[in-house]
>>> print(open('protein26.tsv').read())   # TSV, C-alpha atoms
chain	number	residue	atom	x	y	z
A	221	MET	CA	72.56	106.78	74.05
A	222	VAL	CA	75.77	106.00	72.20
A	223	GLY	CA	75.80	104.50	68.72
A	224	GLN	CA	78.31	102.69	66.57
A	225	LEU	CA	78.53	103.03	62.81
A	226	VAL	CA	80.15	100.08	61.07
A	227	LEU	CA	81.13	99.87	57.40
A	228	VAL	CA	81.33	96.39	55.86
A	229	ARG	CA	82.91	96.10	52.41
A	230	GLU	CA	80.60	93.43	51.01
A	231	ARG	CA	77.02	92.98	49.89
A	232	GLY	CA	74.32	92.98	52.53
A	233	ARG	CA	71.24	94.65	53.92
A	234	PHE	CA	71.36	97.54	56.36
A	235	ARG	CA	71.16	96.41	60.00
A	236	LEU	CA	70.29	98.24	63.20
A	237	GLU	CA	70.79	96.24	66.36
A	238	GLU	CA	71.92	96.42	69.97
A	239	GLY	CA	75.53	95.48	70.55
A	240	ARG	CA	78.46	95.74	72.94
A	241	LEU	CA	81.91	97.26	72.76
A	242	GLY	CA	83.64	95.66	75.72
A	243	PRO	CA	81.68	96.85	78.77
A	244	LEU	CA	79.81	99.50	76.76
A	245	GLU	CA	76.31	98.98	75.33
A	246	VAL	CA	75.75	100.60	71.94
A	247	LEU	CA	73.18	100.73	69.18
A	248	ARG	CA	75.00	99.49	66.09
A	249	ALA	CA	74.18	100.52	62.53
A	250	THR	CA	75.87	98.40	59.87
A	251	VAL	CA	76.25	99.89	56.39
A	252	PHE	CA	77.38	97.72	53.46
A	253	GLU	CA	79.71	98.98	50.72
A	254	PRO	CA	80.21	96.30	48.07
A	255	GLU	CA	82.92	96.74	45.47
A	256	GLY	CA	81.93	99.15	42.70
A	257	LEU	CA	79.19	100.90	44.70
A	258	ALA	CA	78.56	104.38	43.29
A	259	SER	CA	79.60	107.21	45.60
A	260	TRP	CA	76.10	108.69	45.63
A	261	ARG	CA	74.68	105.35	46.76
A	262	LEU	CA	77.25	105.16	49.54
A	263	ARG	CA	76.36	108.67	50.71
A	264	ARG	CA	72.70	107.65	50.78
A	265	ARG	CA	73.47	104.52	52.79
A	266	LEU	CA	75.58	106.43	55.30
A	267	SER	CA	72.83	109.01	55.63
A	268	ARG	CA	70.31	106.25	56.24
A	269	GLY	CA	72.50	104.82	58.99
A	270	GLU	CA	72.84	108.22	60.64
A	271	ARG	CA	69.11	108.93	60.48
A	272	ALA	CA	68.28	105.55	61.99
A	273	LEU	CA	70.63	106.18	64.91
A	274	VAL	CA	69.35	109.73	65.47
A	275	ARG	CA	65.73	108.56	65.44
A	276	ALA	CA	66.66	106.02	68.13
A	277	GLY	CA	68.04	108.78	70.35
A	278	VAL	CA	71.73	108.49	69.56
A	279	GLY	CA	73.77	111.69	69.79
A	280	ARG	CA	77.34	110.44	69.56
A	281	VAL	CA	78.84	107.61	67.59
A	282	VAL	CA	81.87	105.35	67.98
A	283	LEU	CA	83.84	104.72	64.79
A	284	GLY	CA	86.48	102.10	64.15
A	285	SER	CA	90.03	103.28	63.51
A	286	GLY	CA	89.72	102.38	59.82
A	287	PHE	CA	86.40	104.15	59.19
A	288	PRO	CA	87.15	106.37	56.16
A	289	TYR	CA	84.10	108.62	56.01
A	290	ALA	CA	83.99	110.38	59.39
A	291	ASP	CA	84.04	113.75	57.63
A	292	ARG	CA	80.79	112.88	55.82
A	293	LEU	CA	78.73	112.52	58.99
A	294	ALA	CA	76.27	115.38	59.24
A	295	MET	CA	73.91	114.48	62.11
A	296	LEU	CA	76.09	112.68	64.66
A	297	ASP	CA	79.13	113.72	66.66
A	298	THR	CA	82.05	111.35	67.06
A	299	VAL	CA	83.31	110.57	70.55
A	300	ASP	CA	85.94	113.13	71.62
A	301	THR	CA	88.91	111.49	73.36
A	302	LEU	CA	90.72	114.73	74.16
A	303	PRO	CA	89.05	115.28	77.58
A	304	LEU	CA	90.27	111.83	78.60
A	305	ARG	CA	93.83	112.55	77.51
A	306	ARG	CA	93.97	115.98	79.14
A	307	GLY	CA	92.31	114.74	82.31
A	308	CYS	CA	94.87	111.94	82.56
A	309	ALA	CA	97.98	113.97	81.77
A	310	ASP	CA	99.65	112.83	84.98
A	311	VAL	CA	98.99	109.15	84.17
A	312	LEU	CA	100.42	109.58	80.67
A	313	ALA	CA	103.49	111.43	81.96
A	314	LEU	CA	104.22	108.70	84.50
A	315	GLY	CA	103.67	106.07	81.81
A	316	ALA	CA	106.14	107.85	79.53
A	317	LEU	CA	108.70	107.83	82.35
A	318	ALA	CA	108.13	104.11	82.86
A	319	GLU	CA	108.60	103.44	79.14
A	320	ALA	CA	111.92	105.29	79.35
A	321	GLY	CA	112.96	103.12	82.29
A	322	ILE	CA	112.94	106.03	84.74
A	323	SER	CA	111.30	105.73	88.14
A	324	PRO	CA	109.09	108.68	89.15
A	325	ARG	CA	111.37	109.56	92.08
A	326	ARG	CA	114.26	110.00	89.65
A	327	GLY	CA	112.31	111.61	86.80
A	328	ARG	CA	111.57	115.19	85.84
A	329	VAL	CA	108.38	116.10	83.99
A	330	ALA	CA	107.77	119.23	81.92
A	331	LEU	CA	104.24	120.61	81.61
A	332	SER	CA	103.93	122.87	78.59
A	333	ALA	CA	100.96	125.01	77.55
A	334	PRO	CA	100.16	128.28	75.72
A	335	ARG	CA	98.53	129.46	78.97
A	336	LEU	CA	98.03	128.21	82.50
A	337	CYS	CA	94.98	125.95	82.36
A	338	PRO	CA	93.08	123.87	84.94
A	339	GLU	CA	94.18	120.58	83.37
A	340	LEU	CA	97.86	121.55	83.70
A	341	GLU	CA	97.34	122.67	87.30
A	342	ARG	CA	95.60	119.43	88.26
A	343	ALA	CA	98.33	117.36	86.58
A	344	ALA	CA	101.05	119.35	88.36
A	345	GLU	CA	99.50	118.87	91.78
A	346	ARG	CA	99.09	115.13	91.23
A	347	LEU	CA	102.66	114.77	89.98
A	348	CYS	CA	104.34	116.84	92.70
A	349	PRO	CA	104.23	114.11	95.39
A	350	GLN	CA	105.52	111.49	92.94
A	351	VAL	CA	108.33	112.90	90.77
A	352	ARG	CA	111.79	114.33	91.34
A	353	GLY	CA	111.05	117.67	89.70
A	354	LEU	CA	108.67	119.67	87.52
A	355	LEU	CA	109.28	122.17	84.77
A	356	ILE	CA	106.38	124.59	84.13
A	357	ASP	CA	106.65	125.96	80.59
A	358	THR	CA	103.80	128.44	80.19
A	359	PRO	CA	103.34	132.23	80.34
A	360	GLY	CA	102.98	133.17	84.00
A	361	GLY	CA	104.29	129.79	85.02
A	362	GLU	CA	106.98	131.21	87.30
A	363	GLU	CA	104.48	132.36	89.90
A	364	TYR	CA	102.63	129.04	89.77
A	365	ALA	CA	105.94	127.18	90.08
A	366	ARG	CA	106.72	129.14	93.26
A	367	TYR	CA	103.29	128.18	94.62
A	368	LEU	CA	103.98	124.50	93.93
A	369	GLN	CA	107.39	124.68	95.56
A	370	ALA	CA	105.94	126.35	98.66
A	371	LYS	CA	103.09	123.84	98.93
A	372	PHE	CA	104.92	120.62	98.10
A	373	GLY	CA	108.58	121.46	98.68
A	374	LEU	CA	109.32	120.12	95.22
A	375	PRO	CA	112.08	121.74	93.17
A	376	VAL	CA	110.54	123.34	90.08
A	377	THR	CA	113.35	123.45	87.56
A	378	PRO	CA	114.05	126.14	84.92
A	379	PRO	CA	113.83	125.23	81.21
A	380	VAL	CA	117.62	125.07	80.93
A	381	ALA	CA	117.62	122.10	83.31
A	382	GLY	CA	115.44	120.07	80.94
A	383	ALA	CA	113.15	117.14	81.71
A	384	ASP	CA	112.77	113.46	80.89
A	385	VAL	CA	109.16	113.70	79.65
A	386	THR	CA	106.90	116.49	78.40
A	387	ALA	CA	103.12	116.67	78.67
A	388	ALA	CA	102.14	119.37	76.18
A	389	PHE	CA	98.72	121.05	76.32
A	390	GLY	CA	99.31	123.07	73.16
A	391	PRO	CA	101.35	122.93	69.94
A	392	GLY	CA	103.81	125.63	71.01
A	393	GLY	CA	106.31	125.59	73.83
A	394	GLY	CA	109.28	123.38	74.55
A	395	ARG	CA	109.69	119.66	74.29
A	396	TRP	CA	112.00	117.68	76.55
A	397	GLY	CA	112.44	113.93	76.33
A	398	ARG	CA	109.47	111.85	75.18
A	399	SER	CA	106.36	113.98	74.71
A	400	VAL	CA	102.64	113.32	74.95
A	401	GLU	CA	100.65	115.96	73.09
A	402	LEU	CA	97.30	116.69	74.70
A	403	TYR	CA	95.68	118.93	72.10
A	404	GLU	CA	93.73	118.61	68.86
A	405	GLY	CA	95.96	116.93	66.29
A	406	GLY	CA	98.55	115.93	68.90
A	407	THR	CA	100.04	112.47	69.28
A	408	LEU	CA	100.87	110.28	72.25
A	409	ASN	CA	104.02	109.17	70.43
A	410	GLY	CA	103.45	105.43	70.62
A	411	LEU	CA	101.72	105.37	74.02
A	412	ALA	CA	98.10	104.55	74.73
A	413	LEU	CA	95.74	104.57	77.70
A	414	GLY	CA	94.01	101.44	78.89
A	415	ALA	CA	92.39	100.20	82.09
A	416	GLU	CA	93.15	97.25	84.31
A	417	GLY	CA	90.61	94.47	83.99
A	418	LEU	CA	88.77	95.94	81.00
A	419	ASP	CA	88.70	94.11	77.68
A	420	LEU	CA	88.63	97.05	75.27
A	421	PRO	CA	88.03	96.56	71.52
A	422	GLU	CA	91.26	97.33	69.69
A	423	ASP	CA	89.89	99.43	66.85
A	424	CYS	CA	88.00	101.90	69.08
A	425	ALA	CA	89.50	101.33	72.53
A	426	GLU	CA	90.25	104.96	73.35
A	427	GLN	CA	86.73	106.09	72.41
A	428	VAL	CA	85.18	103.44	74.65
A	429	LEU	CA	87.54	104.32	77.48
A	430	ALA	CA	86.71	108.02	77.05
A	431	LEU	CA	83.00	107.29	77.46
A	432	LEU	CA	83.56	105.13	80.53
A	433	TRP	CA	85.81	107.84	82.02
A	434	GLU	CA	83.20	110.50	81.33
A	435	ARG	CA	80.56	108.41	83.13
A	436	GLY	CA	82.78	107.82	86.14
A	437	GLU	CA	82.93	104.08	85.48
A	438	VAL	CA	86.74	104.01	85.37
A	439	ARG	CA	88.87	105.30	88.24
A	440	ARG	CA	92.23	107.00	87.82
A	441	GLU	CA	94.02	104.27	89.74
A	442	GLU	CA	92.69	101.69	87.26
A	443	LEU	CA	94.28	103.40	84.27
A	444	SER	CA	97.42	102.04	82.64
A	445	VAL	CA	99.73	103.18	79.88
A	446	GLY	CA	101.06	100.81	77.24
A	447	ARG	CA	103.19	100.95	74.12
A	448	ASP	CA	101.74	101.18	70.59
A	449	SER	CA	98.43	99.45	71.29
A	450	PHE	CA	95.78	99.71	73.94
A	451	ILE	CA	95.88	97.75	77.15
A	452	SER	CA	93.35	94.96	77.57
A	453	SER	CA	92.87	93.13	80.86
A	454	GLY	CA	96.09	94.63	82.17
A	455	LYS	CA	98.28	93.33	79.33
A	456	THR	CA	99.78	95.22	76.42
A	457	ARG	CA	98.85	93.69	73.09
>>> encode(input="protein26.tsv", output="structure tokens")
Amino acid sequence: MVGQLVLVRERGRFRLEEGRLGPLEVLRATVFEPEGLASWRLRRRLSRGERALVRAGVGRVVLGSGFPYADRLAMLDTVDTLPLRRGCADVLALGALAEAGISPRRGRVALSAPRLCPELERAAERLCPQVRGLLIDTPGGEEYARYLQAKFGLPVTPPVAGADVTAAFGPGGGRWGRSVELYEGGTLNGLALGAEGLDLPEDCAEQVLALLWERGEVRREELSVGRDSFISSGKTR
């Protein structure tokens, strides 16, 4: 079961109730933080909210983008969005090309990583039939690039040729054009994933989408990429 922890900056009594985040059912714990509340009282209230969710069988929790106390949670894990980003590297790369006004057939994509990883390989094989060229920037990437060229007949360009977009699976390596950084602490540089036909809550859209993706309730062909804010019902807000 997935929970949601909500902080309300006013007076009130703790609430535990079933709720929805778009298409996702959650168990919602609401903690109140009125002005002037002592820090030790706030810690106690947050702990109470966590314990209530854990007792109900919750293991992971969705937090709003403005939730300031994620580092104080001791019993619950927050939803990790990195598997979604890495698993959708090809979608993000194509979205970055579109934002730059470049059609896939005219665009070159760089895939950068500290080592050859399955997520990079899957992204490369999905991109090969769609883009003009690939640049593989990773140790041992030359041999893999030759494999791609033999299998798909796609020119795999050297770093000197550059690229229009970079999907980076680690903090090192080169960057060409607009980059999407698919590692802990990385940024999508103004882009965001969404899904056609899904009304995702703005303040935790990526977490909800990550859970739906993990459950197989969202297909790759339903995913979209938008600018600055998440996509809801196929439109960029």
>>> atom_distance(input="protein26.tsv", atom1="atom CA of A:Glu245", atom2="atom CA of A:Ser285")
18.6 Å
>>> atom_distance(input="protein26.tsv", atom1="atom CA of A:Ser444", atom2="atom CA of A:Leu355")
23.5 Å
>>> residues_around(input="protein26.tsv", residues="stretch 424-438 of chain A", least_positions_apart="2", cutoff="6 Å", atoms="all atoms listed in the file", output="ChimeraX atom specification")
/A:284,299,301,304,420-422
>>> closest_residue(input="protein26.tsv", among="A:Asp300, A:Glu401, A:Glu270, A:Glu363", to="A:Ala330", atoms="all atoms listed in the file")
A:Glu401
>>> atom_distance(input="protein26.tsv", atom1="atom CA of A:Gly406", atom2="atom CA of A:Gly321")
23.5 Å
>>> closest_residue(input="protein26.tsv", among="A:Glu339, A:Glu237, A:Asp384, A:Asp291", to="A:Gly353", atoms="only C-alpha atoms")
A:Asp384
>>> closest_residue(input="protein26.tsv", among="A:Met295, A:Ala388, A:Cys337, A:Leu354", to="A:Gly373", atoms="all atoms listed in the file")
A:Leu354
>>> closest_atom_pairs(input="protein26.tsv", of="stretch 342-409 of chain A", to="stretch 305-317 of chain A", cutoff="12 Å", atoms="all atoms listed in the file", output="tab-separated table")
residue	atom	partner	partner_atom	distance
A:Arg342	CA	A:Gly307	CA	8.3
A:Ala343	CA	A:Asp310	CA	5.0
A:Ala344	CA	A:Asp310	CA	7.5
A:Glu345	CA	A:Asp310	CA	9.1
A:Arg346	CA	A:Asp310	CA	6.7
A:Leu347	CA	A:Asp310	CA	6.2
A:Cys348	CA	A:Asp310	CA	9.9
A:Pro349	CA	A:Asp310	CA	11.4
A:Gln350	CA	A:Leu314	CA	9.0
A:Val351	CA	A:Leu314	CA	8.6
A:Arg352	CA	A:Leu317	CA	11.5
A:Leu354	CA	A:Ala313	CA	11.2
A:Ala383	CA	A:Leu317	CA	10.3
A:Asp384	CA	A:Leu317	CA	7.1
A:Val385	CA	A:Leu317	CA	6.5
A:Thr386	CA	A:Ala313	CA	7.1
A:Ala387	CA	A:Ala313	CA	6.2
A:Ala388	CA	A:Ala309	CA	8.8
A:Phe389	CA	A:Arg306	CA	7.5
A:Gly390	CA	A:Arg306	CA	10.7
A:Trp396	CA	A:Ala316	CA	11.8
A:Gly397	CA	A:Ala316	CA	9.3
A:Arg398	CA	A:Ala316	CA	6.8
A:Ser399	CA	A:Ala316	CA	7.8
A:Val400	CA	A:Leu312	CA	7.2
A:Glu401	CA	A:Arg305	CA	8.8
A:Leu402	CA	A:Arg306	CA	5.6
A:Tyr403	CA	A:Arg306	CA	7.8
A:Glu404	CA	A:Arg305	CA	10.6
A:Gly406	CA	A:Arg305	CA	10.4
A:Thr407	CA	A:Arg305	CA	10.3
A:Leu408	CA	A:Leu312	CA	8.5
A:Asn409	CA	A:Ala316	CA	9.4
>>> residues_around(input="protein26.tsv", residues="A:Val246", least_positions_apart="2", cutoff="7 Å", atoms="all atoms listed in the file", output="list of chain:residue names")
A:Val222, A:Gly223, A:Gln224, A:Glu238, A:Gly239, A:Arg240, A:Leu244, A:Arg248
>>> write_last_selection(input="protein26.tsv", atoms="C-alpha atoms", output="CSV table (one decimal), in the frame of the given file")
chain,number,residue,atom,x,y,z
A,222,VAL,CA,75.8,106.0,72.2
A,223,GLY,CA,75.8,104.5,68.7
A,224,GLN,CA,78.3,102.7,66.6
A,238,GLU,CA,71.9,96.4,70.0
A,239,GLY,CA,75.5,95.5,70.6
A,240,ARG,CA,78.5,95.7,72.9
A,244,LEU,CA,79.8,99.5,76.8
A,248,ARG,CA,75.0,99.5,66.1
>>> residues_around(input="protein26.tsv", residues="A:Val228", least_positions_apart="5", cutoff="7 Å", atoms="only C-alpha atoms", output="JSON, numbers by chain")
{"A": [251, 252, 253]}
>>> closest_residue(input="protein26.tsv", among="A:Asp423, A:Phe287, A:Phe234, A:Gly417", to="A:Glu442", atoms="only C-alpha atoms")
A:Gly417
>>> residues_around(input="protein26.tsv", residues="A:Arg280", least_positions_apart="2", cutoff="6 Å", atoms="all atoms listed in the file", output="list in words")
Val222, Val278, Leu296, Asp297 and Thr298 of chain A
>>> closest_residue(input="protein26.tsv", among="A:Pro303, A:Leu257, A:Val226, A:Leu368", to="A:Gly269", atoms="all atoms listed in the file")
A:Val226
>>> closest_residue(input="protein26.tsv", among="A:Arg231, A:Leu413, A:Arg328, A:Ala290", to="A:Leu302", atoms="only C-alpha atoms")
A:Leu413
>>> residues_around(input="protein26.tsv", residues="A:Gly256", least_positions_apart="6", cutoff="12 Å", atoms="only C-alpha atoms", output="JSON, numbers by chain")
{"A": [229, 230, 231, 262]}
>>> write_last_selection(input="protein26.tsv", atoms="C-alpha atoms", output="PDB file, keeping the file's coordinate frame")
ATOM      1  CA  ARG A 229      82.910  96.100  52.410  1.00  0.00           C
ATOM      2  CA  GLU A 230      80.600  93.430  51.010  1.00  0.00           C
ATOM      3  CA  ARG A 231      77.020  92.980  49.890  1.00  0.00           C
ATOM      4  CA  LEU A 262      77.250 105.160  49.540  1.00  0.00           C
TER       5      LEU A 262
END
